[in-house]
>>> print(open('start_16.pdb').read())   # PDB, N, CA and C atoms
ATOM      1  N   ARG M   1    -166.760  34.748-150.367
ATOM      2  CA  ARG M   1    -167.643  34.498-151.482
ATOM      3  C   ARG M   1    -168.265  33.131-151.299
ATOM      4  N   VAL M   2    -169.531  33.052-151.615
ATOM      5  CA  VAL M   2    -170.265  31.803-151.518
ATOM      6  C   VAL M   2    -170.742  31.433-152.918
ATOM      7  N   PHE M   3    -170.451  30.211-153.330
ATOM      8  CA  PHE M   3    -170.822  29.739-154.665
ATOM      9  C   PHE M   3    -171.794  28.577-154.518
ATOM     10  N   MET M   4    -172.961  28.718-155.150
ATOM     11  CA  MET M   4    -174.000  27.702-155.059
ATOM     12  C   MET M   4    -174.400  27.271-156.467
ATOM     13  N   PRO M   5    -173.826  26.181-156.977
ATOM     14  CA  PRO M   5    -174.164  25.723-158.324
ATOM     15  C   PRO M   5    -175.651  25.379-158.448
ATOM     16  N   VAL M   6    -176.234  25.763-159.539
ATOM     17  CA  VAL M   6    -177.649  25.473-159.796
ATOM     18  C   VAL M   6    -177.853  23.964-159.849
ATOM     19  N   GLY M   7    -178.897  23.492-159.191
ATOM     20  CA  GLY M   7    -179.230  22.076-159.214
ATOM     21  C   GLY M   7    -178.398  21.206-158.292
ATOM     22  N   SER M   8    -177.575  21.831-157.461
ATOM     23  CA  SER M   8    -176.717  21.078-156.550
ATOM     24  C   SER M   8    -176.981  21.539-155.123
ATOM     25  N   PRO M   9    -176.945  20.629-154.152
ATOM     26  CA  PRO M   9    -177.115  21.042-152.760
ATOM     27  C   PRO M   9    -175.838  21.632-152.153
ATOM     28  N   ALA M  10    -174.746  21.604-152.907
ATOM     29  CA  ALA M  10    -173.453  22.061-152.378
ATOM     30  C   ALA M  10    -173.385  23.584-152.293
ATOM     31  N   ILE M  11    -172.728  24.050-151.241
ATOM     32  CA  ILE M  11    -172.442  25.474-151.048
ATOM     33  C   ILE M  11    -170.933  25.566-150.835
ATOM     34  N   SER M  12    -170.205  26.084-151.815
ATOM     35  CA  SER M  12    -168.753  26.213-151.704
ATOM     36  C   SER M  12    -168.409  27.591-151.162
ATOM     37  N   ILE M  13    -167.441  27.635-150.250
ATOM     38  CA  ILE M  13    -167.088  28.864-149.556
ATOM     39  C   ILE M  13    -165.650  29.236-149.873
ATOM     40  N   TYR M  14    -165.467  30.505-150.265
ATOM     41  CA  TYR M  14    -164.151  31.058-150.567
ATOM     42  C   TYR M  14    -163.966  32.329-149.758
ATOM     43  N   SER M  15    -162.744  32.627-149.390
ATOM     44  CA  SER M  15    -162.428  33.875-148.714
ATOM     45  C   SER M  15    -161.053  34.324-149.179
ATOM     46  N   GLY M  16    -160.953  35.570-149.577
ATOM     47  CA  GLY M  16    -159.682  36.093-150.058
ATOM     48  C   GLY M  16    -159.167  35.341-151.270
ATOM     49  N   GLY M  17    -160.077  34.825-152.089
ATOM     50  CA  GLY M  17    -159.687  34.084-153.277
ATOM     51  C   GLY M  17    -159.263  32.651-153.000
ATOM     52  N   GLN M  18    -159.329  32.223-151.752
ATOM     53  CA  GLN M  18    -158.916  30.876-151.376
ATOM     54  C   GLN M  18    -160.138  30.031-151.019
ATOM     55  N   TYR M  19    -160.118  28.790-151.466
ATOM     56  CA  TYR M  19    -161.183  27.852-151.123
ATOM     57  C   TYR M  19    -161.101  27.526-149.637
ATOM     58  N   ILE M  20    -162.252  27.575-148.960
ATOM     59  CA  ILE M  20    -162.305  27.256-147.532
ATOM     60  C   ILE M  20    -162.903  25.866-147.318
ATOM     61  N   THR M  21    -164.140  25.677-147.757
ATOM     62  CA  THR M  21    -164.821  24.393-147.554
ATOM     63  C   THR M  21    -166.094  24.349-148.382
ATOM     64  N   THR M  22    -166.756  23.209-148.357
ATOM     65  CA  THR M  22    -168.052  23.048-149.007
ATOM     66  C   THR M  22    -169.030  22.487-147.984
ATOM     67  N   LEU M  23    -170.197  23.107-147.921
ATOM     68  CA  LEU M  23    -171.278  22.606-147.090
ATOM     69  C   LEU M  23    -172.312  21.957-147.992
ATOM     70  N   ILE M  24    -172.961  20.946-147.491
ATOM     71  CA  ILE M  24    -174.083  20.377-148.213
ATOM     72  C   ILE M  24    -175.318  21.064-147.662
ATOM     73  N   GLY M  25    -176.007  21.806-148.523
ATOM     74  CA  GLY M  25    -177.067  22.707-148.073
ATOM     75  C   GLY M  25    -178.468  22.160-148.067
ATOM     76  N   GLY M  26    -178.683  20.932-148.363
ATOM     77  CA  GLY M  26    -180.039  20.396-148.372
ATOM     78  C   GLY M  26    -180.211  19.476-149.553
ATOM     79  N   ASN M  27    -181.363  19.529-150.165
ATOM     80  CA  ASN M  27    -181.598  18.687-151.335
ATOM     81  C   ASN M  27    -181.504  19.524-152.609
ATOM     82  N   ARG M  28    -181.646  18.920-153.744
ATOM     83  CA  ARG M  28    -181.492  19.630-155.013
ATOM     84  C   ARG M  28    -182.612  20.636-155.277
ATOM     85  N   GLN M  29    -183.733  20.505-154.582
ATOM     86  CA  GLN M  29    -184.835  21.435-154.784
ATOM     87  C   GLN M  29    -184.642  22.740-154.002
ATOM     88  N   GLY M  30    -183.875  22.686-152.961
ATOM     89  CA  GLY M  30    -183.667  23.907-152.191
ATOM     90  C   GLY M  30    -182.675  23.728-151.068
ATOM     91  N   ARG M  31    -181.886  24.752-150.839
ATOM     92  CA  ARG M  31    -180.910  24.716-149.755
ATOM     93  C   ARG M  31    -181.572  25.227-148.485
ATOM     94  N   GLN M  32    -181.106  24.755-147.368
ATOM     95  CA  GLN M  32    -181.645  25.202-146.100
ATOM     96  C   GLN M  32    -181.116  26.610-145.815
ATOM     97  N   PRO M  33    -182.018  27.579-145.537
ATOM     98  CA  PRO M  33    -181.583  28.972-145.338
ATOM     99  C   PRO M  33    -180.516  29.149-144.270
ATOM    100  N   HIS M  34    -180.587  28.398-143.165
ATOM    101  CA  HIS M  34    -179.575  28.567-142.117
ATOM    102  C   HIS M  34    -178.201  28.104-142.592
ATOM    103  N   LYS M  35    -178.151  27.148-143.519
ATOM    104  CA  LYS M  35    -176.849  26.711-144.037
ATOM    105  C   LYS M  35    -176.268  27.771-144.972
ATOM    106  N   ILE M  36    -177.114  28.459-145.704
ATOM    107  CA  ILE M  36    -176.648  29.560-146.552
ATOM    108  C   ILE M  36    -176.113  30.688-145.662
ATOM    109  N   ALA M  37    -176.839  31.001-144.597
ATOM    110  CA  ALA M  37    -176.381  32.034-143.661
ATOM    111  C   ALA M  37    -175.054  31.628-143.027
ATOM    112  N   ASN M  38    -174.917  30.360-142.637
ATOM    113  CA  ASN M  38    -173.652  29.879-142.064
ATOM    114  C   ASN M  38    -172.514  29.980-143.069
ATOM    115  N   ALA M  39    -172.812  29.685-144.332
ATOM    116  CA  ALA M  39    -171.782  29.773-145.372
ATOM    117  C   ALA M  39    -171.271  31.208-145.508
ATOM    118  N   HIS M  40    -172.170  32.170-145.482
ATOM    119  CA  HIS M  40    -171.749  33.576-145.573
ATOM    120  C   HIS M  40    -170.935  33.981-144.343
ATOM    121  N   LEU M  41    -171.324  33.483-143.173
ATOM    122  CA  LEU M  41    -170.575  33.781-141.954
ATOM    123  C   LEU M  41    -169.172  33.188-142.014
ATOM    124  N   ILE M  42    -169.064  31.955-142.483
ATOM    125  CA  ILE M  42    -167.751  31.315-142.629
ATOM    126  C   ILE M  42    -166.883  32.089-143.621
ATOM    127  N   ALA M  43    -167.486  32.530-144.721
ATOM    128  CA  ALA M  43    -166.728  33.290-145.724
ATOM    129  C   ALA M  43    -166.228  34.619-145.164
ATOM    130  N   ALA M  44    -167.007  35.222-144.274
ATOM    131  CA  ALA M  44    -166.625  36.517-143.694
ATOM    132  C   ALA M  44    -165.713  36.370-142.471
ATOM    133  N   ALA M  45    -165.570  35.156-141.941
ATOM    134  CA  ALA M  45    -164.834  34.941-140.691
ATOM    135  C   ALA M  45    -163.417  35.524-140.680
ATOM    136  N   PRO M  46    -162.606  35.338-141.721
ATOM    137  CA  PRO M  46    -161.251  35.913-141.653
ATOM    138  C   PRO M  46    -161.258  37.439-141.482
ATOM    139  N   GLU M  47    -162.156  38.121-142.181
ATOM    140  CA  GLU M  47    -162.237  39.572-142.062
ATOM    141  C   GLU M  47    -162.808  39.985-140.704
ATOM    142  N   LEU M  48    -163.783  39.244-140.208
ATOM    143  CA  LEU M  48    -164.347  39.537-138.892
ATOM    144  C   LEU M  48    -163.290  39.361-137.801
ATOM    145  N   PHE M  49    -162.516  38.289-137.893
ATOM    146  CA  PHE M  49    -161.443  38.034-136.929
ATOM    147  C   PHE M  49    -160.426  39.172-136.963
ATOM    148  N   GLU M  50    -160.004  39.534-138.159
ATOM    149  CA  GLU M  50    -159.006  40.606-138.308
ATOM    150  C   GLU M  50    -159.525  41.930-137.750
ATOM    151  N   ALA M  51    -160.785  42.242-138.017
ATOM    152  CA  ALA M  51    -161.368  43.496-137.537
ATOM    153  C   ALA M  51    -161.467  43.505-136.011
ATOM    154  N   LEU M  52    -161.917  42.397-135.432
ATOM    155  CA  LEU M  52    -162.043  42.332-133.978
ATOM    156  C   LEU M  52    -160.679  42.376-133.302
ATOM    157  N   GLU M  53    -159.710  41.699-133.879
ATOM    158  CA  GLU M  53    -158.358  41.725-133.333
ATOM    159  C   GLU M  53    -157.780  43.154-133.386
ATOM    160  N   ALA M  54    -158.007  43.850-134.491
ATOM    161  CA  ALA M  54    -157.520  45.237-134.623
ATOM    162  C   ALA M  54    -158.214  46.148-133.620
ATOM    163  N   LEU M  55    -159.506  45.966-133.443
ATOM    164  CA  LEU M  55    -160.264  46.791-132.503
ATOM    165  C   LEU M  55    -159.782  46.577-131.076
ATOM    166  N   ILE M  56    -159.594  45.324-130.697
ATOM    167  CA  ILE M  56    -159.102  45.020-129.349
ATOM    168  C   ILE M  56    -157.689  45.579-129.156
ATOM    169  N   GLY M  57    -156.867  45.540-130.192
ATOM    170  CA  GLY M  57    -155.515  46.085-130.105
ATOM    171  C   GLY M  57    -155.482  47.600-130.036
ATOM    172  N   PHE M  58    -156.522  48.241-130.522
ATOM    173  CA  PHE M  58    -156.585  49.704-130.574
ATOM    174  C   PHE M  58    -157.138  50.301-129.282
ATOM    175  N   ILE M  59    -158.100  49.622-128.680
ATOM    176  CA  ILE M  59    -158.773  50.138-127.486
ATOM    177  C   ILE M  59    -158.061  49.609-126.247
ATOM    178  N   ARG M  60    -157.845  50.478-125.282
ATOM    179  CA  ARG M  60    -157.204  50.012-124.047
ATOM    180  C   ARG M  60    -158.216  49.217-123.218
ATOM    181  N   PRO M  61    -157.731  48.239-122.465
ATOM    182  CA  PRO M  61    -158.632  47.423-121.646
ATOM    183  C   PRO M  61    -159.415  48.288-120.653
ATOM    184  N   PRO M  62    -160.702  48.012-120.505
ATOM    185  CA  PRO M  62    -161.504  48.801-119.563
ATOM    186  C   PRO M  62    -161.233  48.384-118.121
ATOM    187  N   ALA M  63    -161.591  49.267-117.209
ATOM    188  CA  ALA M  63    -161.479  48.952-115.782
ATOM    189  C   ALA M  63    -162.491  47.862-115.432
ATOM    190  N   ASP M  64    -162.170  47.067-114.418
ATOM    191  CA  ASP M  64    -163.064  45.982-114.004
ATOM    192  C   ASP M  64    -164.434  46.474-113.571
ATOM    193  N   ASN M  65    -164.512  47.718-113.086
ATOM    194  CA  ASN M  65    -165.791  48.247-112.633
ATOM    195  C   ASN M  65    -166.560  48.975-113.742
ATOM    196  N   ASP M  66    -166.091  48.903-114.970
ATOM    197  CA  ASP M  66    -166.779  49.519-116.110
ATOM    198  C   ASP M  66    -167.873  48.560-116.580
ATOM    199  N   ASN M  67    -169.080  48.765-116.075
ATOM    200  CA  ASN M  67    -170.182  47.850-116.344
ATOM    201  C   ASN M  67    -170.726  47.952-117.767
ATOM    202  N   LEU M  68    -170.328  48.951-118.508
ATOM    203  CA  LEU M  68    -170.792  49.103-119.884
ATOM    204  C   LEU M  68    -169.824  48.447-120.869
ATOM    205  N   VAL M  69    -168.545  48.770-120.777
ATOM    206  CA  VAL M  69    -167.560  48.303-121.755
ATOM    207  C   VAL M  69    -166.961  46.949-121.379
ATOM    208  N   LYS M  70    -166.753  46.682-120.102
ATOM    209  CA  LYS M  70    -166.078  45.453-119.666
ATOM    210  C   LYS M  70    -166.760  44.181-120.174
ATOM    211  N   PRO M  71    -168.089  44.046-120.107
ATOM    212  CA  PRO M  71    -168.712  42.827-120.637
ATOM    213  C   PRO M  71    -168.496  42.657-122.143
ATOM    214  N   LEU M  72    -168.498  43.754-122.882
ATOM    215  CA  LEU M  72    -168.259  43.692-124.328
ATOM    216  C   LEU M  72    -166.813  43.326-124.616
ATOM    217  N   TRP M  73    -165.902  43.901-123.843
ATOM    218  CA  TRP M  73    -164.472  43.584-123.980
ATOM    219  C   TRP M  73    -164.242  42.100-123.734
ATOM    220  N   ASP M  74    -164.820  41.599-122.653
ATOM    221  CA  ASP M  74    -164.658  40.184-122.305
ATOM    222  C   ASP M  74    -165.238  39.276-123.386
ATOM    223  N   LEU M  75    -166.388  39.644-123.929
ATOM    224  CA  LEU M  75    -167.016  38.864-124.996
ATOM    225  C   LEU M  75    -166.124  38.828-126.238
ATOM    226  N   ALA M  76    -165.545  39.964-126.586
ATOM    227  CA  ALA M  76    -164.650  40.030-127.746
ATOM    228  C   ALA M  76    -163.400  39.180-127.508
ATOM    229  N   GLN M  77    -162.846  39.246-126.311
ATOM    230  CA  GLN M  77    -161.663  38.441-125.982
ATOM    231  C   GLN M  77    -161.990  36.949-126.043
ATOM    232  N   GLN M  78    -163.162  36.565-125.541
ATOM    233  CA  GLN M  78    -163.575  35.161-125.576
ATOM    234  C   GLN M  78    -163.746  34.683-127.021
ATOM    235  N   ALA M  79    -164.314  35.532-127.873
ATOM    236  CA  ALA M  79    -164.504  35.161-129.280
ATOM    237  C   ALA M  79    -163.159  34.974-129.973
ATOM    238  N   LEU M  80    -162.204  35.861-129.709
ATOM    239  CA  LEU M  80    -160.875  35.730-130.304
ATOM    240  C   LEU M  80    -160.166  34.476-129.790
ATOM    241  N   THR M  81    -160.291  34.199-128.519
ATOM    242  CA  THR M  81    -159.693  32.990-127.936
ATOM    243  C   THR M  81    -160.256  31.743-128.607
ATOM    244  N   LYS M  82    -161.564  31.713-128.788
ATOM    245  CA  LYS M  82    -162.211  30.576-129.434
ATOM    246  C   LYS M  82    -161.772  30.453-130.890
ATOM    247  N   ALA M  83    -161.691  31.582-131.591
ATOM    248  CA  ALA M  83    -161.287  31.574-132.996
ATOM    249  C   ALA M  83    -159.835  31.110-133.180
ATOM    250  N   ARG M  84    -159.001  31.379-132.195
ATOM    251  CA  ARG M  84    -157.598  30.942-132.256
ATOM    252  C   ARG M  84    -157.446  29.466-131.861
ATOM    253  N   GLY M  85    -158.524  28.852-131.393
ATOM    254  CA  GLY M  85    -158.465  27.471-130.964
ATOM    255  C   GLY M  85    -157.887  27.309-129.578
ATOM    256  N   GLU M  86    -157.896  28.381-128.803
ATOM    257  CA  GLU M  86    -157.302  28.359-127.467
ATOM    258  C   GLU M  86    -158.333  28.139-126.363
ATOM    259  N   ALA M  87    -159.604  28.101-126.695
ATOM    260  CA  ALA M  87    -160.647  27.917-125.680
ATOM    261  C   ALA M  87    -160.526  26.539-125.060
ATOM    262  N   GLY M  88    -160.693  26.481-123.757
ATOM    263  CA  GLY M  88    -160.654  25.212-123.049
ATOM    264  C   GLY M  88    -159.264  24.696-122.733
ATOM    265  N   ARG M  89    -158.261  25.506-122.979
ATOM    266  CA  ARG M  89    -156.884  25.079-122.666
ATOM    267  C   ARG M  89    -156.535  25.401-121.246
TER
END
>>> encode(input="start_16.pdb", output="structure tokens")
Amino acid sequence: RVFMPVGSPAISIYSGGQYITTLIGGNRQGRQPHKIANAHLIAAAPELFEALEALIGFIRPPADNDNLVKPLWDLAQQALTKARGEAGR
């Protein structure tokens, strides 16, 4: 959930009923659209992570020569690694 008080540049982000963070979205006359989009993405992140993790756990790893599924599998694994804070280790 994204909460944007009228007359304030703040964008507060909640997920699962828990407060996540607040972004400053611009000036009092208008928030920057990309910051609003980022706020919605941040709010959806826990569910997106859970869905991708479940999908990867459900589908068996593709063969290395699978030129259709393997790049998507690798991209999903890289996203999960980054989300877990394990990238660059």
>>> residues_around(input="start_16.pdb", residues="Pro61 of chain M", least_positions_apart="5", cutoff="12 Å", atoms="only C-alpha atoms", output="ChimeraX atom specification")
/M:55-56,66,69-74,76-77
>>> axis_aligned_box(input="start_16.pdb", around="segment 80-84 of chain M", padding_each_side="6 Å", output="lines of an AutoDock Vina configuration file")
center_x = -159.8
center_y = 32.7
center_z = -130.6
size_x = 16.8
size_y = 18.4
size_z = 17.2
>>> closest_residue(input="start_16.pdb", among="M:Leu23, M:Val6, M:Ile13, M:Ile59", to="Ala44 of chain M", atoms="only C-alpha atoms")
M:Ile13
>>> residues_around(input="start_16.pdb", residues="segment 78-80 of chain M", least_positions_apart="6", cutoff="8 Å", atoms="all atoms listed in the file", output="ChimeraX atom specification")
/M:49,52-53,72,86-87
>>> atom_distance(input="start_16.pdb", atom1="atom C of Ala43 of chain M", atom2="atom N of Ser15 of chain M")
5.8 Å
>>> select_by_dssp(input="start_16.pdb", residues="chain M", states="alpha helix (DSSP H)", output="short mmCIF file (atom, residue, chain, number, x, y, z; two decimals) with N, CA and C atoms, in the frame of the given file")
data_model
loop_
_atom_site.label_atom_id
_atom_site.label_comp_id
_atom_site.auth_asym_id
_atom_site.auth_seq_id
_atom_site.Cartn_x
_atom_site.Cartn_y
_atom_site.Cartn_z
N PRO M 33 -182.02 27.58 -145.54
CA PRO M 33 -181.58 28.97 -145.34
C PRO M 33 -180.52 29.15 -144.27
N HIS M 34 -180.59 28.40 -143.16
CA HIS M 34 -179.58 28.57 -142.12
C HIS M 34 -178.20 28.10 -142.59
N LYS M 35 -178.15 27.15 -143.52
CA LYS M 35 -176.85 26.71 -144.04
C LYS M 35 -176.27 27.77 -144.97
N ILE M 36 -177.11 28.46 -145.70
CA ILE M 36 -176.65 29.56 -146.55
C ILE M 36 -176.11 30.69 -145.66
N ALA M 37 -176.84 31.00 -144.60
CA ALA M 37 -176.38 32.03 -143.66
C ALA M 37 -175.05 31.63 -143.03
N ASN M 38 -174.92 30.36 -142.64
CA ASN M 38 -173.65 29.88 -142.06
C ASN M 38 -172.51 29.98 -143.07
N ALA M 39 -172.81 29.68 -144.33
CA ALA M 39 -171.78 29.77 -145.37
C ALA M 39 -171.27 31.21 -145.51
N HIS M 40 -172.17 32.17 -145.48
CA HIS M 40 -171.75 33.58 -145.57
C HIS M 40 -170.94 33.98 -144.34
N LEU M 41 -171.32 33.48 -143.17
CA LEU M 41 -170.58 33.78 -141.95
C LEU M 41 -169.17 33.19 -142.01
N ILE M 42 -169.06 31.96 -142.48
CA ILE M 42 -167.75 31.32 -142.63
C ILE M 42 -166.88 32.09 -143.62
N ALA M 43 -167.49 32.53 -144.72
CA ALA M 43 -166.73 33.29 -145.72
C ALA M 43 -166.23 34.62 -145.16
N ALA M 44 -167.01 35.22 -144.27
CA ALA M 44 -166.62 36.52 -143.69
C ALA M 44 -165.71 36.37 -142.47
N ALA M 45 -165.57 35.16 -141.94
CA ALA M 45 -164.83 34.94 -140.69
C ALA M 45 -163.42 35.52 -140.68
N PRO M 46 -162.61 35.34 -141.72
CA PRO M 46 -161.25 35.91 -141.65
C PRO M 46 -161.26 37.44 -141.48
N GLU M 47 -162.16 38.12 -142.18
CA GLU M 47 -162.24 39.57 -142.06
C GLU M 47 -162.81 39.98 -140.70
N LEU M 48 -163.78 39.24 -140.21
CA LEU M 48 -164.35 39.54 -138.89
C LEU M 48 -163.29 39.36 -137.80
N PHE M 49 -162.52 38.29 -137.89
CA PHE M 49 -161.44 38.03 -136.93
C PHE M 49 -160.43 39.17 -136.96
N GLU M 50 -160.00 39.53 -138.16
CA GLU M 50 -159.01 40.61 -138.31
C GLU M 50 -159.52 41.93 -137.75
N ALA M 51 -160.78 42.24 -138.02
CA ALA M 51 -161.37 43.50 -137.54
C ALA M 51 -161.47 43.50 -136.01
N LEU M 52 -161.92 42.40 -135.43
CA LEU M 52 -162.04 42.33 -133.98
C LEU M 52 -160.68 42.38 -133.30
N GLU M 53 -159.71 41.70 -133.88
CA GLU M 53 -158.36 41.72 -133.33
C GLU M 53 -157.78 43.15 -133.39
N ALA M 54 -158.01 43.85 -134.49
CA ALA M 54 -157.52 45.24 -134.62
C ALA M 54 -158.21 46.15 -133.62
N LEU M 55 -159.51 45.97 -133.44
CA LEU M 55 -160.26 46.79 -132.50
C LEU M 55 -159.78 46.58 -131.08
N ILE M 56 -159.59 45.32 -130.70
CA ILE M 56 -159.10 45.02 -129.35
C ILE M 56 -157.69 45.58 -129.16
N GLY M 57 -156.87 45.54 -130.19
CA GLY M 57 -155.51 46.08 -130.10
C GLY M 57 -155.48 47.60 -130.04
N PHE M 58 -156.52 48.24 -130.52
CA PHE M 58 -156.58 49.70 -130.57
C PHE M 58 -157.14 50.30 -129.28
N LYS M 70 -166.75 46.68 -120.10
CA LYS M 70 -166.08 45.45 -119.67
C LYS M 70 -166.76 44.18 -120.17
N PRO M 71 -168.09 44.05 -120.11
CA PRO M 71 -168.71 42.83 -120.64
C PRO M 71 -168.50 42.66 -122.14
N LEU M 72 -168.50 43.75 -122.88
CA LEU M 72 -168.26 43.69 -124.33
C LEU M 72 -166.81 43.33 -124.62
N TRP M 73 -165.90 43.90 -123.84
CA TRP M 73 -164.47 43.58 -123.98
C TRP M 73 -164.24 42.10 -123.73
N ASP M 74 -164.82 41.60 -122.65
CA ASP M 74 -164.66 40.18 -122.30
C ASP M 74 -165.24 39.28 -123.39
N LEU M 75 -166.39 39.64 -123.93
CA LEU M 75 -167.02 38.86 -125.00
C LEU M 75 -166.12 38.83 -126.24
N ALA M 76 -165.54 39.96 -126.59
CA ALA M 76 -164.65 40.03 -127.75
C ALA M 76 -163.40 39.18 -127.51
N GLN M 77 -162.85 39.25 -126.31
CA GLN M 77 -161.66 38.44 -125.98
C GLN M 77 -161.99 36.95 -126.04
N GLN M 78 -163.16 36.56 -125.54
CA GLN M 78 -163.57 35.16 -125.58
C GLN M 78 -163.75 34.68 -127.02
N ALA M 79 -164.31 35.53 -127.87
CA ALA M 79 -164.50 35.16 -129.28
C ALA M 79 -163.16 34.97 -129.97
N LEU M 80 -162.20 35.86 -129.71
CA LEU M 80 -160.88 35.73 -130.30
C LEU M 80 -160.17 34.48 -129.79
N THR M 81 -160.29 34.20 -128.52
CA THR M 81 -159.69 32.99 -127.94
C THR M 81 -160.26 31.74 -128.61
N LYS M 82 -161.56 31.71 -128.79
CA LYS M 82 -162.21 30.58 -129.43
C LYS M 82 -161.77 30.45 -130.89
N ALA M 83 -161.69 31.58 -131.59
CA ALA M 83 -161.29 31.57 -133.00
C ALA M 83 -159.84 31.11 -133.18
#
>>> resolve_selection(input="start_16.pdb", expression="the PyMOL selection byres ((chain M and resi 35) around 8)", output="JSON, numbers by chain")
{"M": [11, 23, 24, 25, 26, 31, 32, 33, 34, 36, 37, 38, 39, 40, 41]}
>>> select_by_dssp(input="start_16.pdb", residues="chain M", states="strand (DSSP E)", output="ChimeraX atom specification")
/M:2-3,10-15,18-24,26-27,30-31
>>> atom_distance(input="start_16.pdb", atom1="atom CA of Ala83 of chain M", atom2="atom CA of Met4 of chain M")
25.8 Å
>>> atom_distance(input="start_16.pdb", atom1="atom CA of Thr81 of chain M", atom2="atom CA of Leu48 of chain M")
13.6 Å
>>> resolve_selection(input="start_16.pdb", expression="the PyMOL selection byres ((chain M and resi 16) around 8)", output="mmCIF file with N, CA and C atoms, in the coordinates of the input")
data_model
loop_
_atom_site.group_PDB
_atom_site.id
_atom_site.type_symbol
_atom_site.label_atom_id
_atom_site.label_comp_id
_atom_site.auth_asym_id
_atom_site.auth_seq_id
_atom_site.Cartn_x
_atom_site.Cartn_y
_atom_site.Cartn_z
ATOM 1 N N ARG M 1 -166.760 34.748 -150.367
ATOM 2 C CA ARG M 1 -167.643 34.498 -151.482
ATOM 3 C C ARG M 1 -168.265 33.131 -151.299
ATOM 4 N N ILE M 13 -167.441 27.635 -150.250
ATOM 5 C CA ILE M 13 -167.088 28.864 -149.556
ATOM 6 C C ILE M 13 -165.650 29.236 -149.873
ATOM 7 N N TYR M 14 -165.467 30.505 -150.265
ATOM 8 C CA TYR M 14 -164.151 31.058 -150.567
ATOM 9 C C TYR M 14 -163.966 32.329 -149.758
ATOM 10 N N SER M 15 -162.744 32.627 -149.390
ATOM 11 C CA SER M 15 -162.428 33.875 -148.714
ATOM 12 C C SER M 15 -161.053 34.324 -149.179
ATOM 13 N N GLY M 17 -160.077 34.825 -152.089
ATOM 14 C CA GLY M 17 -159.687 34.084 -153.277
ATOM 15 C C GLY M 17 -159.263 32.651 -153.000
ATOM 16 N N GLN M 18 -159.329 32.223 -151.752
ATOM 17 C CA GLN M 18 -158.916 30.876 -151.376
ATOM 18 C C GLN M 18 -160.138 30.031 -151.019
ATOM 19 N N TYR M 19 -160.118 28.790 -151.466
ATOM 20 C CA TYR M 19 -161.183 27.852 -151.123
ATOM 21 C C TYR M 19 -161.101 27.526 -149.637
ATOM 22 N N ALA M 43 -167.486 32.530 -144.721
ATOM 23 C CA ALA M 43 -166.728 33.290 -145.724
ATOM 24 C C ALA M 43 -166.228 34.619 -145.164
ATOM 25 N N PRO M 46 -162.606 35.338 -141.721
ATOM 26 C CA PRO M 46 -161.251 35.913 -141.653
ATOM 27 C C PRO M 46 -161.258 37.439 -141.482
ATOM 28 N N GLU M 47 -162.156 38.121 -142.181
ATOM 29 C CA GLU M 47 -162.237 39.572 -142.062
ATOM 30 C C GLU M 47 -162.808 39.985 -140.704
#
>>> decode(input="start_16.pdb", residues="segment 34-45 of chain M", atoms="N, CA and C atoms", output="compact mmCIF listing (two decimals), in the first residue's frame")
# COMPACT_ATOMS: atom_id res chain seq x y z
N HIS M 34 7.93 8.87 -11.50
CA HIS M 34 8.80 7.70 -11.34
C HIS M 34 8.96 7.33 -9.87
N LYS M 35 8.86 8.31 -8.96
CA LYS M 35 8.96 7.99 -7.54
C LYS M 35 7.68 7.29 -7.06
N ILE M 36 6.55 7.66 -7.61
CA ILE M 36 5.30 6.98 -7.28
C ILE M 36 5.36 5.53 -7.79
N ALA M 37 5.85 5.36 -9.01
CA ALA M 37 6.00 4.01 -9.57
C ALA M 37 6.97 3.18 -8.72
N ASN M 38 8.08 3.78 -8.29
CA ASN M 38 9.03 3.07 -7.42
C ASN M 38 8.40 2.69 -6.09
N ALA M 39 7.57 3.58 -5.56
CA ALA M 39 6.90 3.29 -4.29
C ALA M 39 5.99 2.07 -4.42
N HIS M 40 5.25 1.99 -5.51
CA HIS M 40 4.38 0.83 -5.72
C HIS M 40 5.20 -0.45 -5.90
N LEU M 41 6.34 -0.34 -6.58
CA LEU M 41 7.21 -1.50 -6.76
C LEU M 41 7.77 -1.97 -5.42
N ILE M 42 8.20 -1.03 -4.59
CA ILE M 42 8.72 -1.37 -3.26
C ILE M 42 7.63 -2.04 -2.42
N ALA M 43 6.41 -1.51 -2.50
CA ALA M 43 5.30 -2.09 -1.73
C ALA M 43 4.98 -3.51 -2.18
N ALA M 44 5.15 -3.78 -3.47
CA ALA M 44 4.85 -5.11 -4.01
C ALA M 44 6.03 -6.08 -3.88
N ALA M 45 7.22 -5.58 -3.54
CA ALA M 45 8.43 -6.40 -3.53
C ALA M 45 8.32 -7.68 -2.70
